[in-house]
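These notes are about the structure you will find just below.
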Protein chains: 2
Amino acid sequence: MASEKQLIARTGGKLPSRTSAGLRVGIGDDAAVVRPKEGVEWVLTTDAFLENVHFLSRVHPPEAVGYKALARATSDLAAMGARPLYFLLSLALPTGCTGKWYDGFLEGMARAARTFGLTLAGGDTTRSTLAAVNLTIIGEIDRGQAVLRSGARPGNLICVSGTLGEAELGLQLLQRRGPKKWKKELLRKHLYPEPRLHLGQWLAKGRATAMIDTSDGLSTDLRHLCESSGVGAKLWAAKIPKVALPSEAQKIGLDPLRLALDGGDDYELLFTLPKRMQRHLPSAVRGVPITVIGEITREKRILLVDEAGRTRTLLARGWEPFRE
Amino acid sequence: MASEKQLIARTGGKLPSRTSAGLRVGIGDDAAVVRPKEGVEWVLTTDAFLENVHFLSRVHPPEAVGYKALARATSDLAAMGARPLYFLLSLALPTGCTGKWYDGFLEGMARAARTFGLTLAGGDTTRSTLAAVNLTIIGEIDRGQAVLRSGARPGNLICVSGTLGEAELGLQLLQRRGPKKWKKELLRKHLYPEPRLHLGQWLAKGRATAMIDTSDGLSTDLRHLCESSGVGAKLWAAKIPKVALPSEAQKIGLDPLRLALDGGDDYELLFTLPKRMQRHLPSAVRGVPITVIGEITREKRILLVDEAGRTRTLLARGWEPFRE
């Protein structure tokens, strides 16, 4: 069985962890020491990824667990418009997960770290009965450029990146028959979500007035954004970029609009723009589609106009950890 | 039952969480935004505090769980000589812990945060079957002043703050008969450890050559320090400031030297100083005693000279999470 020291050595060997001009002291000391550049602000976020809450050992491959733990935490940086720099990995593992499982986990996490430009700066390792991973991500942004949830104003356009409901579709399929039975493409977004870092940075250049990532689901995340901004919203169901359902999913009664409204874990960006930008808005930024799906209203209600033109209140039915 | 939103509101209401010139965006957005001062470096650490690993619900009062979770994470900053600024709280709670238990937890954590000068900058909340708390602490230090584990040189004095073995004594007593049976004073160090922040900052003013906190126990933490520095050490058993045993503890066969060498969780500072400082070394800094307990050697062995003058190899018998 591996000792803590051996585990730390394997972790540091596998994940990008070299010290640099910015990272003065990395893993192996009591704490990391980093040197901020002039003129920047730091963006910090922390995120738990827990066995039996966020993933199931018998369903999710270890590569996906390692990748997704880092991806979802990094998505919070994308939603501020920040550039990722360093991360801290706090790891509690059952003894049975310290061998081959952990190699797979590290492989997935290393791929995510390289893709997002993150360097491991420190962490914590202990033993537990269920695997518990906590990621802290440190990024930077030019002073005053962070896009908050609170900046949406009446008349602003509501936009979303990518396609919504794909991750929830993947989860539903996985829960039914395990990972081997489905085409990889259908499970990709659930297992390997892509934080929209480049788009977030593009929007933070004075473009977006407010932004959040769709981690809980559109209906819930739009409510978070509206409550923070003190506004309401009107969405057009027909405009929402909804997941395309394969015939197997149609058979089990899944509804694309429901998946798109309430499915969590997509890690797309939901953001608002001044109306005058509509004319100049590109349809995609570096290959990531952007769609206008509604507008911000003064009245603090969140409404959905369905495809038949009827208007109803949109309830927040996305992820709520303490719902029974 | 509390929703995630209600839990976050209670957390922000109870813990120091006001934004400031340094903390531009605090809790309630996707991530925190902080503005570093000029001329400083940032010190970052992360630490898990898990039910059934680091604490037991039926033994440890919720105030102590909240206090200690923050205290032990902050101790890593003390061991670098840094000044604490902000913290991120990642919280996974069973439904049964979201009521009164959580109020007690927050009370203990709020007391720790005020004592250490920490402001809550962000976090994450989810549900789980066992309580899992992860703290990330952000501090600052003047450029180049952080005291690393790797700076110890042959001939340096080895020093320790406070008294060793007190926390382990408290744990041993608690495990035998629960918290109500013992004098508070005997359990204090186990339940409410005090990170040596002021001493750490004093030592970081060009005084200490290397430093670590005694979280795993002297025998193990001294090994960490020596391995990082590429040196060995000789300790004098007679000099080690050992816990005083009450008669009840003597009866159950506890040995003060064993407790002091291998007991973890004291969160004292173990540090090295150039020999020439011995003459000017105060016996205490702001009430925290300092004791010279040995010296760094060129030969990479760790030796203990016992009270009869016999020399033997000191094995690392402190905390190792993956030991059976």
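Residue numbers start at 1 in each chain; chains themselves are named A, B, ... in the order of the structure tokens; ligands are numbered from 1 in the order shown.
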What are the closest atom pairs, with distances in Å to one decimal, for each residue of chain A lying within 6 Å of chain B, using only C-alpha atoms, rows by chain and rising residue number, as a tab-separated table?
```
residue	atom	partner	partner_atom	distance
A:Ser3	CA	B:Phe322	CA	5.5
A:Asp30	CA	B:Asp76	CA	5.2
A:Ala31	CA	B:Thr45	CA	4.8
A:Ala32	CA	B:Leu44	CA	5.0
A:Val33	CA	B:Val43	CA	4.6
A:Val34	CA	B:Trp42	CA	5.1
A:Arg35	CA	B:Glu41	CA	4.7
A:Glu41	CA	B:Arg35	CA	4.8
A:Trp42	CA	B:Val34	CA	5.1
A:Val43	CA	B:Val33	CA	4.6
A:Leu44	CA	B:Ala32	CA	5.0
A:Thr45	CA	B:Ala31	CA	4.8
A:Thr46	CA	B:Gly123	CA	5.7
A:Asp47	CA	B:Asp124	CA	5.7
A:Asp76	CA	B:Asp30	CA	5.2
A:Gly123	CA	B:Thr46	CA	5.7
A:Asp124	CA	B:Asp47	CA	5.7
A:Thr126	CA	B:Pro321	CA	5.4
A:Arg127	CA	B:Pro321	CA	5.6
A:Pro321	CA	B:Thr126	CA	5.4
A:Phe322	CA	B:Ser3	CA	5.5
```
Exercise. Tell me, which residues of range 32-251 of chain B carry DSSP alpha helix (DSSP H), written as an NGL selection string?
Worked result: :B and (62-78 or 100-116 or 166-177 or 184-191 or 197-203 or 218-229 or 247-251)
Exercise. Separation of CA of Arg298 in chain B and CA of Glu268 in chain B, in Å?
Worked result: 25.0 Å
Problem set entry | One-decimal distance in Å that lies between CA of Ser20 in chain A and CA of Leu120 in chain B |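 Here the two named atoms are 28.5 Å from each other.
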For this session: Work out how far apart CA of Phe105 in chain B and CA of Tyr192 in chain B are and give it in Å to one decimal.
Result: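 A separation of 12.7 Å between them.
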For this session: List the neighbours of Tyr267 in chain B out to 10 Å using only C-alpha atoms; skip same-chain residues closer than 2 positions along the sequence, and give me the result as a list in words.
Result: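 Once the adjacent positions are removed, what remains is Ala71, Arg72, Ala73, Thr74, Ser75, Asp76, Ala78, Ala79, Ser161, Gly162, Leu164, Ala167, Lys189, His190, Pro193, Glu194, Pro195, Arg196, Ile212, Asp213, Thr214, Ser215, Asp216, Gly217, Gly264, Asp265, Leu269 and Leu270 of chain B.
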Mind the document's chain letters and residue numbers, and return as a compact mmCIF listing (two decimals) with N, CA, C and O atoms, in the first residue's frame the residues of range 50-102 of chain A that DSSP labels strand (DSSP E).
```txt
# COMPACT_ATOMS: atom_id res chain seq x y z
N LEU A 50 -17.30 14.68 -4.78
CA LEU A 50 -17.38 13.61 -3.79
C LEU A 50 -17.99 12.34 -4.35
O LEU A 50 -18.98 12.39 -5.09
N ARG A 83 -8.09 34.13 -16.18
CA ARG A 83 -7.11 33.21 -16.75
C ARG A 83 -6.61 32.28 -15.64
O ARG A 83 -6.10 32.73 -14.62
N PRO A 84 -6.74 30.95 -15.81
CA PRO A 84 -6.32 30.00 -14.77
C PRO A 84 -4.80 29.99 -14.61
O PRO A 84 -4.08 30.11 -15.61
N LEU A 85 -4.32 29.86 -13.39
CA LEU A 85 -2.89 29.80 -13.12
C LEU A 85 -2.51 28.55 -12.30
O LEU A 85 -1.76 27.70 -12.77
N TYR A 86 -3.00 28.46 -11.08
CA TYR A 86 -2.57 27.41 -10.17
C TYR A 86 -3.76 26.69 -9.58
O TYR A 86 -4.87 27.21 -9.56
N PHE A 87 -3.51 25.47 -9.06
CA PHE A 87 -4.57 24.81 -8.29
C PHE A 87 -3.99 24.06 -7.11
O PHE A 87 -2.83 23.67 -7.10
N LEU A 88 -4.84 23.91 -6.10
CA LEU A 88 -4.52 23.13 -4.90
C LEU A 88 -5.45 21.92 -4.90
O LEU A 88 -6.65 22.07 -5.11
N LEU A 89 -4.88 20.74 -4.64
CA LEU A 89 -5.64 19.49 -4.68
C LEU A 89 -5.71 18.88 -3.29
O LEU A 89 -4.68 18.47 -2.75
N SER A 90 -6.89 18.83 -2.72
CA SER A 90 -7.08 18.18 -1.42
C SER A 90 -7.78 16.85 -1.67
O SER A 90 -8.85 16.80 -2.26
N LEU A 91 -7.15 15.78 -1.21
CA LEU A 91 -7.50 14.45 -1.65
C LEU A 91 -7.71 13.54 -0.46
O LEU A 91 -6.82 13.39 0.38
N ALA A 92 -8.88 12.93 -0.34
CA ALA A 92 -9.11 11.90 0.67
C ALA A 92 -9.49 10.63 -0.08
O ALA A 92 -10.46 10.64 -0.85
N LEU A 93 -8.72 9.57 0.12
CA LEU A 93 -8.90 8.36 -0.69
C LEU A 93 -9.03 7.11 0.18
O LEU A 93 -8.30 6.96 1.15
```
Exercise. If you count only C-alpha atoms, which residues fall within 6 Å of Gly151 in chain B, apart from same-chain ones fewer than 3 positions away, as a list in words?
Worked result: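 Result of the neighbour search: Thr209, Ala210 and Ser229 of chain B.
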Just the selected residues (C-alpha atoms), exported as a JSON list (two decimals), in the first residue's frame, please.
```
[["chain", "number", "residue", "atom", "x", "y", "z"],
["B", 209, "THR", "CA", 16.43, 29.19, 8.48],
["B", 210, "ALA", "CA", 13.71, 26.51, 8.20],
["B", 229, "SER", "CA", 16.96, 20.42, 3.79]]
```
For this session: Please provide the set of residues having any atom within 6 Å of Tyr67 in chain B, restricted to only C-alpha atoms, with same-chain residues fewer than 4 positions apart removed, written as a list of chain:residue names.
Result: B:Gly108, B:Met109, B:Ala112
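Ranking A:Leu304, A:Leu186, A:Leu174, A:Ile252 by their shortest atom-to-atom distance to Ala237 in chain A, with only C-alpha atoms included, puts A:Leu304 first.
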Problem set entry | Using only C-alpha atoms: which of A:Glu248, A:Asp262, A:Glu295, A:Glu168 has the shortest distance to Lys183 in chain A |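 Smallest separation from Lys183 in chain A among the options: A:Glu248.
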